[in-house]
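*Asks:* First the structure, then my questions, so here it is.
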Amino acid sequence: MFVDQVKVQLKAGKGGDGLVSFKHEKYVANGGPFGGDGGDGGDIIFEADPGMVTLLDLRFNRIIRAQPGEKGKNKNMHGANAADRVIKVPLGTIVKRADTGQIVADLTEPHQKQVVAKGGRGGRGNSRFKSARNTVPRFAEQGKDGEEFDAIVELRTLADVGLVGFPSVGKSTILDAVSKARPEIAEYHFTTIAPNVGVVQTGDGRSFVMADLPGLIEGASEGRGLGHQFLKHIERCRVIVHVVDMGGVDGRDPVEDFKIINKELENYHLRLLERPQIVVANKMDEENAEENLKRFKEAYPDVEVFETQAIIHEGLDPVLRKAADLLATTPLFPVLDAEEESNEGVTYTFQKKEQPFTIEEVEPGMWRVFGPAIDKNFDASKLTTDEDYFRFANTMRHLGIDKHLREAGAVDGDTILLDNYEFEFVEND
């Protein structure tokens, strides 16, 4: 089974918590803090494996987690860093964030690795907080959470040359004739439902990778049929071989077919028509082929046409030589999403930064504070000692919450709500 797109949930490892500990040894007075730092959480890494051809493994493993870091230890010993989680995928795989569409990994080289989700940093032990003002700190830092998000993993066939055209025009027959790939060939449409790839060698010793891409239909660029799934496999190709059924089998018109397929390539968001194109007039042994070829050349006088009979391997070597010549001068095309494209350079847009916290007046004398900064720094279960409250108050002051409360109108004695916990607002003299 060929699988070329999977949605997965990624959760990198959480950092280990720092340790609160004190030195207690015989004959050692006032030993002081002795707690070590927590270890870092494991990263999630994607690696390109040349031996893989499908994303089938991910289809049955849609939740990917890395291990958390080890907690800090006594005697200032650092907790162990967690091992990274390595996910192997085929060459040509792209990993995108599901929420923003941002590409976070593009794996095109054998054994190329990319950190997709970063593990959390380990928390500091209490020995890190010793100072002249606080010689016996009784608190430690919690480990940070690792990155967590849903990702779309896509396989976009990694080939130099792509064969495109309507179903049953002879693309699979051409690939079968010029390489050792053995695609399915039959007397019905859509025998190719997944890309087939083969290594091709020209008569003068040059070689490249050719892909037989599933047949396109009108409306493919708008998602009709399996249009987007088919078109995305052309994105990596530097040269397109456009195969036209010049025999007009099943009542098709090669002139109109050529126009329709090029329109679909043009409408697709990666400007596929910018790639050099070789036009192959296949099935020249059919009864109406010569007449259709004459009409085709009249309709497209500037297009160079290569006549072939793929079923008997006739006329294919000039096509391969032309493809090799074009590959020698054609650069790689970047794989970009539509919103990342610009014909006029970089476009800068203003996006308002998310506020770290929000203050609202619930009723006279009662204020609620909420937002990402509160979620990140406030955990009532960790407020167990006077030092915990002192450190929490300092954090709130560092974030400027007391200042903003004062500006909003809070006065001494007002009630402050944080995550359904009540605190009294006290103005220091």
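By order of appearance in the structure tokens: chains A, B, ..., then residues from 1 within every chain, and ligands from 1 in the order shown.
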Name all residues at most 10 Å from A:Glu147 (count only C-alpha atoms; drop same-chain ones fewer than 5 positions away) and give them as a compact mmCIF listing (two decimals) with N, CA, C and O atoms, in the first residue's frame.
*Replies:*
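Once written, part-v1.txt looks like this:
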# COMPACT_ATOMS: atom_id res chain seq x y z
N LEU A 10 2.84 15.15 17.53
CA LEU A 10 4.22 15.13 18.02
C LEU A 10 4.28 15.73 19.42
O LEU A 10 3.71 16.80 19.66
N LYS A 11 4.98 15.07 20.32
CA LYS A 11 5.18 15.60 21.67
C LYS A 11 6.61 15.29 22.10
O LYS A 11 6.95 14.15 22.39
N ALA A 12 7.44 16.33 22.09
CA ALA A 12 8.83 16.15 22.52
C ALA A 12 8.87 15.96 24.03
O ALA A 12 7.91 16.27 24.75
N GLY A 13 10.00 15.46 24.53
CA GLY A 13 10.13 15.12 25.94
C GLY A 13 10.17 16.34 26.85
O GLY A 13 10.75 17.37 26.52
N LYS A 14 9.57 16.20 28.02
CA LYS A 14 9.61 17.26 29.03
C LYS A 14 10.96 17.24 29.73
O LYS A 14 11.55 16.17 29.95
N GLY A 41 14.71 17.08 27.94
CA GLY A 41 13.82 16.12 27.30
C GLY A 41 14.30 15.77 25.90
O GLY A 41 15.05 16.51 25.27
N ASP A 43 14.43 15.16 21.89
CA ASP A 43 13.90 15.78 20.67
C ASP A 43 13.22 14.72 19.80
O ASP A 43 13.52 13.52 19.92
N ILE A 44 12.34 15.17 18.92
CA ILE A 44 11.80 14.30 17.87
C ILE A 44 12.50 14.67 16.57
O ILE A 44 12.42 15.81 16.11
N VAL A 116 12.45 18.23 14.50
CA VAL A 116 11.12 18.74 14.19
C VAL A 116 10.44 19.29 15.44
O VAL A 116 9.77 20.31 15.40
N ALA A 117 10.60 18.61 16.57
CA ALA A 117 10.02 19.08 17.83
C ALA A 117 11.13 19.04 18.88
O ALA A 117 11.73 17.99 19.13
N LYS A 118 11.39 20.20 19.50
CA LYS A 118 12.49 20.34 20.45
C LYS A 118 12.05 19.94 21.85
O LYS A 118 11.00 20.36 22.33
N GLY A 119 12.89 19.13 22.51
CA GLY A 119 12.62 18.73 23.88
C GLY A 119 12.78 19.88 24.85
O GLY A 119 13.49 20.86 24.58
N GLY A 120 12.11 19.78 26.00
CA GLY A 120 12.16 20.83 27.00
C GLY A 120 13.48 20.85 27.76
O GLY A 120 14.14 19.82 27.92
*Asks:* Using backbone DSSP assignments, extract all helix (DSSP H, G or I) residues from stretch 9-163 of chain A; output them as a list in words.
*Replies:* Leu56, Asp57, Leu58, Arg59, Asn126, Ser127, Arg128 and Phe129 of chain A
*Asks:* Using only C-alpha atoms for the distances, tell me which of A:Gly365, A:Gly143, A:Gly32, A:Gly122 is nearest to A:Glu424.
*Replies:*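 Selected residue with least distance to A:Glu424: A:Gly365.
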*Asks:* Just checking: using only C-alpha atoms, which residue out of A:Val279, A:Glu109, A:Val178, A:Val369 ends up closest to A:Glu422?
*Replies:* A:Val369
*Asks:* Quick one, how far is atom CA of A:Gly165 from atom CA of A:Val199?
*Replies:* 20.1 Å
